[in-house]
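Below is work.txt, which holds compact mmCIF, C-alpha atoms.
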# COMPACT_ATOMS: atom_id res chain seq x y z
CA MET A 1 18.59 -9.41 1.47
CA LYS A 2 17.76 -12.30 3.75
CA SER A 3 19.11 -15.70 2.63
CA TRP A 4 15.64 -17.32 2.81
CA LEU A 5 14.42 -14.81 0.27
CA SER A 6 17.19 -15.42 -2.22
CA ASP A 7 17.25 -19.17 -1.65
CA ARG A 8 13.57 -20.04 -1.32
CA ILE A 9 11.28 -17.22 -2.44
CA SER A 10 11.32 -15.54 -5.83
CA PHE A 11 9.51 -12.83 -7.76
CA ASP A 12 9.30 -12.85 -11.54
CA PRO A 13 6.79 -10.80 -13.53
CA SER A 14 6.44 -13.70 -15.97
CA ILE A 15 5.49 -16.19 -13.23
CA CYS A 16 2.17 -15.79 -11.41
CA HIS A 17 2.05 -12.06 -12.27
CA GLY A 18 5.13 -11.37 -10.14
CA LYS A 19 3.58 -12.59 -6.90
CA PRO A 20 6.00 -14.27 -4.50
CA VAL A 21 6.38 -17.98 -5.17
CA VAL A 22 8.53 -20.78 -3.86
CA ARG A 23 11.62 -20.68 -6.09
CA GLY A 24 11.48 -23.14 -8.97
CA THR A 25 7.72 -23.64 -8.64
CA ARG A 26 4.49 -21.82 -9.35
CA VAL A 27 3.35 -22.35 -5.75
CA LEU A 28 2.28 -19.01 -4.31
CA VAL A 29 3.59 -18.06 -0.88
CA ALA A 30 0.02 -16.89 -0.13
CA ASN A 31 -1.35 -20.39 -0.78
CA VAL A 32 1.14 -21.97 1.62
CA VAL A 33 0.50 -19.37 4.33
CA GLY A 34 -3.25 -19.77 3.80
CA ALA A 35 -3.00 -23.53 4.20
CA VAL A 36 -1.13 -23.13 7.49
CA ALA A 37 -3.70 -20.58 8.68
CA ALA A 38 -6.49 -23.01 7.81
CA GLY A 39 -4.91 -25.61 10.09
CA GLU A 40 -3.32 -27.79 7.43
CA SER A 41 -0.41 -29.84 8.74
CA THR A 42 3.05 -29.69 7.21
CA ALA A 43 2.54 -33.25 5.99
CA GLY A 44 -0.74 -32.25 4.38
CA ILE A 45 0.82 -29.28 2.63
CA LEU A 46 3.66 -31.44 1.34
CA GLU A 47 1.11 -33.93 0.06
CA ASP A 48 -0.83 -31.17 -1.71
CA TYR A 49 2.34 -29.59 -3.10
CA PRO A 50 4.85 -32.41 -3.64
CA SER A 51 7.44 -30.04 -5.12
CA LEU A 52 7.81 -28.30 -1.73
CA THR A 53 10.00 -29.16 1.22
CA GLU A 54 9.63 -28.33 4.90
CA PRO A 55 12.21 -25.53 4.62
CA ASP A 56 10.10 -24.05 1.80
CA ILE A 57 7.08 -23.91 4.11
CA ARG A 58 9.13 -22.27 6.86
CA ALA A 59 10.48 -19.74 4.34
CA CYS A 60 6.92 -18.85 3.31
CA LEU A 61 5.96 -18.22 6.92
CA GLU A 62 9.09 -16.21 7.60
CA PHE A 63 8.43 -14.16 4.46
CA ALA A 64 4.87 -13.43 5.64
CA GLY A 65 6.20 -12.47 9.07
CA GLU A 66 8.72 -10.08 7.55
CA LEU A 67 5.97 -8.45 5.49
CA THR A 68 3.75 -7.91 8.50
CA ALA A 69 6.66 -6.44 10.44
CA MET A 70 6.95 -3.75 7.75
CA GLU A 71 3.30 -2.79 7.78
CA SER A 72 1.56 -0.30 10.00
CA VAL A 73 -2.19 -0.07 10.45
CA GLU A 74 -3.91 3.18 11.21
CA ALA A 75 -6.96 2.93 13.44
Could you rewrite the structure in this file as structure tokens?
Amino acid sequence: MKSWLSDRISFDPSICHGKPVVRGTRVLVANVVGAVAAGESTAGILEDYPSLTEPDIRACLEFAGELTAMESVEA
């Protein structure tokens, strides 16, 4: 298991229906990745989610990257 997953990202069926969140928060990884995709700056994300840190945002992006590396799309 990657250290960013164990240190920054967690899954718990009792929190947000088991969707990946930033550890210790109810902030969904999908919301952070979506904010980055929408052009939100790191500073803006940290303002919107004051419980996060810059390493949390990077962990969310790395997590999303790892997920896409595991997927294959059939044309």
Residue among A:Ile9, A:Ile45, A:Leu28, A:Val33 lying closest to Gly65 in chain A, counting all atoms listed in the file
A:Val33
All residues 8 Å or closer to range 12-27 of chain A, all atoms listed in the file, same chain fewer than 3 positions away omitted, as a PyMOL selection string
chain A and resi 7-9+30-32+49+51-52+56+60
Given all atoms listed in the file as the counted atoms, nearest of A:Ala38, A:Ala43, A:Ala75, A:Val29 to Leu61 in chain A:
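Of all the options, A:Val29 lies closest to Leu61 in chain A.
Reported to one decimal place, the separation of CA of Thr42 in chain A from CA of Arg58 in chain A is 9.6 Å.
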Distance in Å - CA of Ala64 in chain A versus CA of Glu47 in chain A:
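CA of Glu47 in chain A lies 21.6 Å from CA of Ala64 in chain A.
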CA of Ala37 in chain A and CA of Thr68 in chain A, how far apart in Å?
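Separating CA of Thr68 in chain A from CA of Ala37 in chain A is a distance of 14.7 Å.
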Once N, CA and C atoms are restored for range 10-27 of chain A, what would the output be as a PDB file, in the coordinates of the input?
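As a result, result-v1.pdb now contains:
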ATOM      1  N   SER A  10      10.935 -16.352  -4.681  1.00  0.00           N
ATOM      2  CA  SER A  10      11.320 -15.540  -5.830  1.00  0.00           C
ATOM      3  C   SER A  10      10.139 -14.740  -6.355  1.00  0.00           C
ATOM      4  N   PHE A  11      10.485 -13.707  -7.102  1.00  0.00           N
ATOM      5  CA  PHE A  11       9.510 -12.830  -7.760  1.00  0.00           C
ATOM      6  C   PHE A  11       9.927 -12.744  -9.218  1.00  0.00           C
ATOM      7  N   ASP A  12       9.015 -12.974 -10.117  1.00  0.00           N
ATOM      8  CA  ASP A  12       9.300 -12.850 -11.540  1.00  0.00           C
ATOM      9  C   ASP A  12       8.015 -12.427 -12.219  1.00  0.00           C
ATOM     10  N   PRO A  13       8.017 -11.284 -12.893  1.00  0.00           N
ATOM     11  CA  PRO A  13       6.790 -10.800 -13.530  1.00  0.00           C
ATOM     12  C   PRO A  13       6.167 -11.801 -14.510  1.00  0.00           C
ATOM     13  N   SER A  14       6.964 -12.725 -15.023  1.00  0.00           N
ATOM     14  CA  SER A  14       6.440 -13.700 -15.970  1.00  0.00           C
ATOM     15  C   SER A  14       5.885 -14.958 -15.295  1.00  0.00           C
ATOM     16  N   ILE A  15       6.010 -15.031 -13.986  1.00  0.00           N
ATOM     17  CA  ILE A  15       5.490 -16.190 -13.230  1.00  0.00           C
ATOM     18  C   ILE A  15       4.476 -15.678 -12.217  1.00  0.00           C
ATOM     19  N   CYS A  16       3.244 -16.135 -12.342  1.00  0.00           N
ATOM     20  CA  CYS A  16       2.170 -15.790 -11.410  1.00  0.00           C
ATOM     21  C   CYS A  16       2.050 -14.269 -11.210  1.00  0.00           C
ATOM     22  N   HIS A  17       2.211 -13.522 -12.293  1.00  0.00           N
ATOM     23  CA  HIS A  17       2.050 -12.060 -12.270  1.00  0.00           C
ATOM     24  C   HIS A  17       2.990 -11.372 -11.287  1.00  0.00           C
ATOM     25  N   GLY A  18       4.140 -11.980 -11.028  1.00  0.00           N
ATOM     26  CA  GLY A  18       5.130 -11.370 -10.140  1.00  0.00           C
ATOM     27  C   GLY A  18       4.877 -11.554  -8.659  1.00  0.00           C
ATOM     28  N   LYS A  19       3.841 -12.333  -8.325  1.00  0.00           N
ATOM     29  CA  LYS A  19       3.580 -12.590  -6.900  1.00  0.00           C
ATOM     30  C   LYS A  19       4.678 -13.505  -6.358  1.00  0.00           C
ATOM     31  N   PRO A  20       4.945 -13.423  -5.063  1.00  0.00           N
ATOM     32  CA  PRO A  20       6.000 -14.270  -4.500  1.00  0.00           C
ATOM     33  C   PRO A  20       5.616 -15.745  -4.571  1.00  0.00           C
ATOM     34  N   VAL A  21       6.563 -16.539  -5.058  1.00  0.00           N
ATOM     35  CA  VAL A  21       6.380 -17.980  -5.170  1.00  0.00           C
ATOM     36  C   VAL A  21       7.585 -18.686  -4.558  1.00  0.00           C
ATOM     37  N   VAL A  22       7.403 -19.964  -4.288  1.00  0.00           N
ATOM     38  CA  VAL A  22       8.530 -20.780  -3.860  1.00  0.00           C
ATOM     39  C   VAL A  22       9.412 -20.982  -5.102  1.00  0.00           C
ATOM     40  N   ARG A  23      10.680 -20.643  -4.960  1.00  0.00           N
ATOM     41  CA  ARG A  23      11.620 -20.680  -6.090  1.00  0.00           C
ATOM     42  C   ARG A  23      11.551 -22.026  -6.820  1.00  0.00           C
ATOM     43  N   GLY A  24      11.503 -21.943  -8.138  1.00  0.00           N
ATOM     44  CA  GLY A  24      11.480 -23.140  -8.970  1.00  0.00           C
ATOM     45  C   GLY A  24      10.112 -23.762  -9.127  1.00  0.00           C
ATOM     46  N   THR A  25       9.088 -23.123  -8.558  1.00  0.00           N
ATOM     47  CA  THR A  25       7.720 -23.640  -8.640  1.00  0.00           C
ATOM     48  C   THR A  25       6.789 -22.499  -9.022  1.00  0.00           C
ATOM     49  N   ARG A  26       5.533 -22.834  -9.175  1.00  0.00           N
ATOM     50  CA  ARG A  26       4.490 -21.820  -9.350  1.00  0.00           C
ATOM     51  C   ARG A  26       3.584 -21.804  -8.111  1.00  0.00           C
ATOM     52  N   VAL A  27       4.107 -22.296  -7.001  1.00  0.00           N
ATOM     53  CA  VAL A  27       3.350 -22.350  -5.750  1.00  0.00           C
ATOM     54  C   VAL A  27       3.460 -20.988  -5.074  1.00  0.00           C
TER      55      VAL A  27
END
